[in-house]
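Structure file target29.tsv with TSV, C-alpha atoms:
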```
chain	number	residue	atom	x	y	z
D	737	MET	CA	156.59	190.58	56.61
D	738	PRO	CA	157.53	192.13	59.96
D	739	ASP	CA	160.83	190.87	61.35
D	740	LEU	CA	160.17	189.51	64.84
D	741	SER	CA	163.52	187.74	65.18
D	742	GLY	CA	164.58	187.72	68.80
D	743	LYS	CA	161.15	188.76	70.06
D	744	ILE	CA	159.46	186.80	72.84
D	745	ALA	CA	155.67	186.56	72.76
D	746	ILE	CA	152.75	185.18	74.76
D	747	VAL	CA	149.51	184.41	72.90
D	748	THR	CA	146.39	183.41	74.83
D	749	GLY	CA	143.57	181.34	73.39
D	750	CYS	CA	146.07	179.66	71.07
D	751	ALA	CA	144.20	176.41	70.46
D	752	SER	CA	142.11	177.59	67.50
D	753	GLY	CA	140.92	180.47	65.37
D	754	ILE	CA	142.72	183.80	65.55
D	755	GLY	CA	144.92	182.59	68.41
D	756	ALA	CA	146.23	179.62	66.44
D	757	ALA	CA	146.76	181.77	63.35
D	758	THR	CA	148.65	184.32	65.46
D	759	VAL	CA	151.01	181.70	66.87
D	760	ARG	CA	151.71	180.48	63.34
D	761	ARG	CA	152.31	184.01	62.07
D	762	LEU	CA	154.56	185.14	64.93
D	763	ARG	CA	156.61	181.97	64.63
D	764	ALA	CA	156.91	182.46	60.86
D	765	ASP	CA	158.10	186.02	61.48
D	766	GLY	CA	160.84	184.77	63.82
D	767	ALA	CA	159.43	185.16	67.33
D	768	GLU	CA	159.66	182.67	70.14
D	769	VAL	CA	156.13	182.07	71.38
D	770	LEU	CA	154.51	180.75	74.53
D	771	GLY	CA	150.96	179.80	73.58
D	772	THR	CA	148.37	179.31	76.30
D	773	ASP	CA	144.89	177.85	76.34
D	774	ILE	CA	142.48	176.12	78.68
D	775	ASN	CA	142.20	173.35	76.06
D	776	ALA	CA	145.41	171.46	76.78
D	777	GLU	CA	145.09	168.89	73.99
D	778	LYS	CA	144.45	171.28	71.11
D	779	GLY	CA	146.75	173.99	72.45
D	780	ALA	CA	149.67	171.62	72.91
D	781	ALA	CA	149.16	170.13	69.44
D	782	LEU	CA	149.19	173.57	67.81
D	783	CYS	CA	152.34	174.59	69.67
D	784	GLU	CA	154.10	171.32	68.82
D	785	GLU	CA	153.21	171.87	65.16
D	786	THR	CA	154.66	175.39	65.15
D	787	GLY	CA	157.62	174.93	67.48
D	788	ALA	CA	156.08	177.14	70.15
D	789	ALA	CA	156.06	176.40	73.86
D	790	PHE	CA	152.72	175.71	75.54
D	791	ALA	CA	151.18	176.25	78.96
D	792	VAL	CA	147.70	175.39	80.17
D	793	GLN	CA	146.02	178.59	81.32
D	794	ASP	CA	142.65	179.75	82.54
D	795	VAL	CA	142.99	183.50	81.94
D	796	THR	CA	140.33	184.21	84.56
D	797	ASP	CA	142.62	182.86	87.28
D	798	THR	CA	144.40	186.16	87.68
D	799	ALA	CA	146.79	184.85	90.32
D	800	THR	CA	148.43	182.59	87.72
D	801	TRP	CA	149.22	185.38	85.26
D	802	PRO	CA	152.57	186.33	86.84
D	803	GLN	CA	153.53	182.64	86.66
D	804	ILE	CA	152.73	182.50	82.93
D	805	VAL	CA	154.83	185.60	82.27
D	806	ALA	CA	157.61	184.17	84.43
D	807	GLN	CA	157.68	181.03	82.28
D	808	ALA	CA	158.47	183.11	79.21
D	809	VAL	CA	161.05	185.26	80.99
D	810	GLU	CA	162.78	182.28	82.60
D	811	ARG	CA	162.92	180.45	79.28
D	812	TRP	CA	164.02	183.29	77.00
D	813	GLY	CA	165.16	186.13	79.28
D	814	ARG	CA	162.54	188.77	78.42
D	815	LEU	CA	158.99	189.46	77.22
D	816	ASP	CA	158.37	191.63	74.15
D	817	ILE	CA	154.83	190.82	72.99
D	818	LEU	CA	151.53	189.92	74.62
D	819	VAL	CA	148.49	189.04	72.51
D	820	ASN	CA	145.35	188.85	74.64
D	821	ASN	CA	143.18	186.76	72.34
D	822	ALA	CA	141.24	184.46	74.70
D	823	GLY	CA	137.54	185.29	74.65
D	824	THR	CA	134.03	183.88	74.63
D	825	VAL	CA	130.41	184.73	73.81
D	826	SER	CA	127.07	184.14	75.52
D	827	SER	CA	124.30	185.00	72.98
D	828	LEU	CA	122.00	186.46	75.63
D	829	SER	CA	120.10	189.75	75.41
D	830	ILE	CA	119.67	192.22	78.27
D	831	GLU	CA	116.39	190.50	79.19
D	832	ASP	CA	117.88	187.02	79.17
D	833	VAL	CA	121.36	187.46	80.59
D	834	THR	CA	121.96	186.01	84.04
D	835	ASP	CA	124.45	187.19	86.64
D	836	ALA	CA	126.44	184.00	86.12
D	837	ALA	CA	126.59	184.42	82.33
D	838	TRP	CA	127.55	188.09	82.67
D	839	ASP	CA	130.30	187.32	85.17
D	840	ARG	CA	131.73	184.52	83.01
D	841	ILE	CA	131.96	186.74	79.92
D	842	TYR	CA	133.54	189.59	81.86
D	843	ASP	CA	135.96	187.32	83.69
D	844	ILE	CA	137.32	185.94	80.41
D	845	ASN	CA	137.02	188.90	78.05
D	846	ILE	CA	138.00	191.81	80.27
D	847	LYS	CA	139.35	190.68	83.64
D	848	GLY	CA	141.61	188.10	82.00
D	849	THR	CA	142.80	190.71	79.50
D	850	MET	CA	143.45	193.25	82.26
D	851	ALA	CA	145.40	190.73	84.33
D	852	GLY	CA	147.51	189.77	81.32
D	853	CYS	CA	148.36	193.40	80.61
D	854	ARG	CA	149.24	194.03	84.25
D	855	ALA	CA	151.58	191.04	84.44
D	856	ALA	CA	153.15	191.76	81.06
D	857	ILE	CA	153.91	195.39	81.87
D	858	ALA	CA	155.62	194.34	85.10
D	859	ALA	CA	158.04	192.24	83.01
D	860	MET	CA	158.34	194.55	79.99
D	861	LYS	CA	159.32	197.60	82.01
D	862	VAL	CA	162.41	195.78	83.34
D	863	ASN	CA	163.45	194.09	80.08
D	864	PRO	CA	167.21	193.92	79.50
D	865	GLY	CA	168.25	197.13	77.78
D	866	GLY	CA	165.32	199.12	79.14
D	867	SER	CA	161.55	199.09	79.06
D	868	SER	CA	160.06	197.86	75.81
D	869	GLY	CA	157.13	195.85	74.56
D	870	ALA	CA	153.94	195.66	72.55
D	871	ILE	CA	150.54	194.55	73.83
D	872	VAL	CA	147.79	193.68	71.34
D	873	ASN	CA	144.30	193.14	72.73
D	874	ILE	CA	141.62	191.53	70.57
D	875	ALA	CA	138.20	193.19	70.60
D	876	SER	CA	135.41	192.87	68.01
D	877	THR	CA	133.28	194.97	65.70
D	878	SER	CA	130.62	194.31	68.34
D	879	ALA	CA	132.54	196.80	70.48
D	880	ILE	CA	131.57	199.51	67.96
D	881	ALA	CA	128.20	198.39	66.57
D	882	ALA	CA	126.51	196.31	69.23
D	883	LEU	CA	124.48	193.15	68.81
D	884	PRO	CA	121.15	193.10	70.64
D	885	THR	CA	121.54	189.36	71.16
D	886	ASP	CA	124.71	189.45	73.30
D	887	VAL	CA	124.83	192.31	75.76
D	888	ALA	CA	127.68	190.89	77.84
D	889	TYR	CA	129.95	190.14	74.88
D	890	CYS	CA	129.45	193.52	73.23
D	891	SER	CA	129.94	195.54	76.40
D	892	SER	CA	132.99	193.50	77.45
D	893	LYS	CA	134.65	194.00	74.07
D	894	GLY	CA	133.86	197.72	74.31
D	895	ALA	CA	135.66	197.64	77.64
D	896	VAL	CA	138.69	196.02	75.98
D	897	ARG	CA	138.94	199.00	73.58
D	898	VAL	CA	139.03	201.56	76.38
D	899	LEU	CA	141.24	199.40	78.60
D	900	SER	CA	143.83	199.40	75.83
D	901	LYS	CA	143.71	203.18	75.50
D	902	SER	CA	144.09	203.67	79.26
D	903	ILE	CA	147.10	201.34	79.30
D	904	ALA	CA	148.66	203.10	76.31
D	905	VAL	CA	148.40	206.53	77.96
D	906	HIS	CA	149.61	205.20	81.32
D	907	CYS	CA	152.73	203.62	79.79
D	908	ALA	CA	153.46	206.74	77.73
D	909	GLN	CA	153.16	209.05	80.73
D	910	LYS	CA	155.36	206.75	82.82
D	911	GLY	CA	158.03	206.85	80.13
D	912	TYR	CA	157.77	203.13	79.44
D	913	ASN	CA	158.54	202.13	75.88
D	914	ILE	CA	155.48	199.86	75.93
D	915	ARG	CA	152.72	200.22	73.37
D	916	CYS	CA	149.15	198.92	73.69
D	917	ASN	CA	146.78	198.65	70.73
D	918	THR	CA	143.55	196.89	69.84
D	919	VAL	CA	142.73	194.75	66.82
D	920	ILE	CA	139.04	194.70	65.92
D	921	PRO	CA	138.15	191.68	63.77
D	922	GLY	CA	134.93	191.45	61.83
D	923	ALA	CA	133.21	188.25	60.78
D	924	THR	CA	135.93	185.61	60.93
D	925	ASP	CA	135.87	181.92	60.04
D	926	THR	CA	136.59	180.45	63.47
D	927	ASP	CA	135.63	177.33	65.38
D	928	ILE	CA	133.07	179.30	67.39
D	929	LEU	CA	131.26	180.30	64.21
D	930	ALA	CA	131.47	176.74	62.88
D	931	GLN	CA	129.84	175.45	66.07
D	932	ALA	CA	127.09	178.03	65.75
D	933	GLU	CA	126.58	176.98	62.11
D	934	ASN	CA	125.83	173.45	63.30
D	935	LEU	CA	122.98	174.83	65.40
D	936	MET	CA	121.82	177.37	62.81
D	937	PRO	CA	122.56	176.16	59.26
D	938	GLY	CA	123.18	179.07	56.91
D	939	LEU	CA	124.54	181.31	59.67
D	940	LYS	CA	128.06	181.53	58.21
D	941	ASP	CA	126.77	182.76	54.87
D	942	ALA	CA	124.47	185.25	56.56
D	943	VAL	CA	127.35	186.59	58.64
D	944	ALA	CA	129.57	186.80	55.56
D	945	GLN	CA	126.99	189.02	53.87
D	946	THR	CA	127.43	191.66	56.59
D	947	SER	CA	130.78	192.58	55.02
D	948	PRO	CA	130.96	194.50	51.73
D	949	LEU	CA	133.52	191.87	50.69
D	950	LYS	CA	130.75	189.26	51.05
D	951	ARG	CA	133.02	186.73	52.72
D	952	LEU	CA	134.37	185.77	56.10
D	953	ALA	CA	137.89	186.74	57.09
D	954	ASP	CA	140.49	184.03	57.33
D	955	PRO	CA	142.05	184.09	60.83
D	956	ALA	CA	145.45	184.53	59.15
D	957	GLU	CA	144.31	187.92	57.87
D	958	THR	CA	143.73	189.12	61.42
D	959	ALA	CA	147.00	187.55	62.53
D	960	ALA	CA	148.83	189.67	59.96
D	961	ALA	CA	147.50	192.84	61.59
D	962	ILE	CA	148.48	191.54	65.01
D	963	ALA	CA	152.01	190.78	63.81
D	964	PHE	CA	152.36	194.33	62.44
D	965	LEU	CA	151.26	195.94	65.72
D	966	ALA	CA	153.57	193.60	67.65
D	967	SER	CA	156.56	194.56	65.50
D	968	ASP	CA	158.94	197.53	65.53
D	969	GLU	CA	157.40	198.76	62.25
D	970	CYS	CA	154.92	201.05	64.03
D	971	PRO	CA	156.67	202.64	67.04
D	972	TYR	CA	154.29	205.64	67.09
D	973	MET	CA	151.11	203.53	67.13
D	974	THR	CA	149.75	203.19	70.64
D	975	GLY	CA	146.25	203.59	71.99
D	976	ALA	CA	145.01	202.85	68.48
D	977	GLU	CA	142.56	200.34	67.09
D	978	MET	CA	142.97	198.49	63.82
D	979	LEU	CA	139.84	197.27	62.04
D	980	VAL	CA	140.12	193.98	60.13
D	981	ASP	CA	136.49	193.80	59.10
D	982	GLY	CA	136.20	193.94	55.29
D	983	ALA	CA	134.75	197.49	55.58
D	984	MET	CA	131.84	196.25	57.72
D	985	MET	CA	132.04	199.30	59.99
D	986	ALA	CA	132.40	201.66	56.99
D	987	VAL	CA	128.93	200.96	55.57
D	988	HIS	CA	126.09	203.39	56.16
D	989	PRO	CA	123.15	201.38	57.58
D	990	GLY	CA	120.93	202.61	54.75
D	991	PHE	CA	123.03	200.92	52.07
```
Would you mind writing the structure in this file as structure tokens?
Amino acid sequence: MPDLSGKIAIVTGCASGIGAATVRRLRADGAEVLGTDINAEKGAALCEETGAAFAVQDVTDTATWPQIVAQAVERWGRLDILVNNAGTVSSLSIEDVTDAAWDRIYDINIKGTMAGCRAAIAAMKVNPGGSSGAIVNIASTSAIAALPTDVAYCSSKGAVRVLSKSIAVHCAQKGYNIRCNTVIPGATDTDILAQAENLMPGLKDAVAQTSPLKRLADPAETAAAIAFLASDECPYMTGAEMLVDGAMMAVHPGF
């Protein structure tokens, strides 16, 4: 397990799924964590369970991002890790998507992620002892192989991939010791999928079959990859993307 003792982390979308698993994992690895979520009840309960701090946050309210980062810095003296996990879907094709639906997806999935990175870098570059930090942005296999049924989600997650690369190169060229990588989960057993299963019985099994492993990922499996990228175990990894998809993206479409 990576040793995150002494590290200070912010994890967005902490109330459930990959976000909740990430808070649990980072805490288990020794980090102090500020979890944030728009769902105050579930987010606070998760953080109380794990010993993390909690703040209510709407990631689309970009003006509040510096305040969230300041909470972590004021409490623990620095910021070492940001995990931009908050995200949402719309399930609308190019013919069905509305301006409002498009804007909502982009505000959460890409603008919120950008604002988090911007605020985190401002703190990380002046950390005690010199610039340092690790940013992990959560994308999706839909950023690589798009779904026809959700044009906004797929394109926004594709934007997250390239955003992360741009940030990685920028920080490297500036001489900041700040890395930025992307984790790309495949079909994962989250609350969002469970809600969809209620509307479309059998969906979870159908989604599981898209992976050669023929099962859904446990959120903890994705959290393990996040913890690795957040740690000091991979100082030369930046601008990279780590697939946690059960070989879904490795399969030729004819097989």
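In this structure, CA of Thr758 (chain D) sits 11.9 Å away from CA of Thr772 (chain D).
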Wanna dump the region 789-871 of chain D-region 964-987 of chain D contacts at 10 Å for me, each residue with its shortest atom pair and the distance in Å to one decimal, counting only C-alpha atoms, ordered by chain and number, as JSON lines?
```
{"residue": "D:Asp816", "atom": "CA", "partner": "D:Ala966", "partner_atom": "CA", "distance": 8.3}
{"residue": "D:Ile817", "atom": "CA", "partner": "D:Ala966", "partner_atom": "CA", "distance": 6.2}
{"residue": "D:Leu818", "atom": "CA", "partner": "D:Ala966", "partner_atom": "CA", "distance": 8.1}
{"residue": "D:Val819", "atom": "CA", "partner": "D:Ala966", "partner_atom": "CA", "distance": 8.4}
{"residue": "D:Gly869", "atom": "CA", "partner": "D:Ala966", "partner_atom": "CA", "distance": 8.1}
{"residue": "D:Ala870", "atom": "CA", "partner": "D:Ala966", "partner_atom": "CA", "distance": 5.3}
{"residue": "D:Ile871", "atom": "CA", "partner": "D:Ala966", "partner_atom": "CA", "distance": 6.9}
```
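The two atoms in question, CA of Gly852 (chain D) and CA of Leu828 (chain D), are spaced 26.3 Å apart.
When CA of Pro802 (chain D) is paired with CA of Cys853 (chain D), their separation reads 10.3 Å.
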(request) Identify, on the basis of only C-alpha atoms, every residue whose closest approach to Ser829 (chain D) does not exceed 7 Å; exclude the query and any residue fewer than 6 positions from it along the same chain; express the result as a list in words. (result) Pro884, Thr885, Asp886 and Val887 of chain D
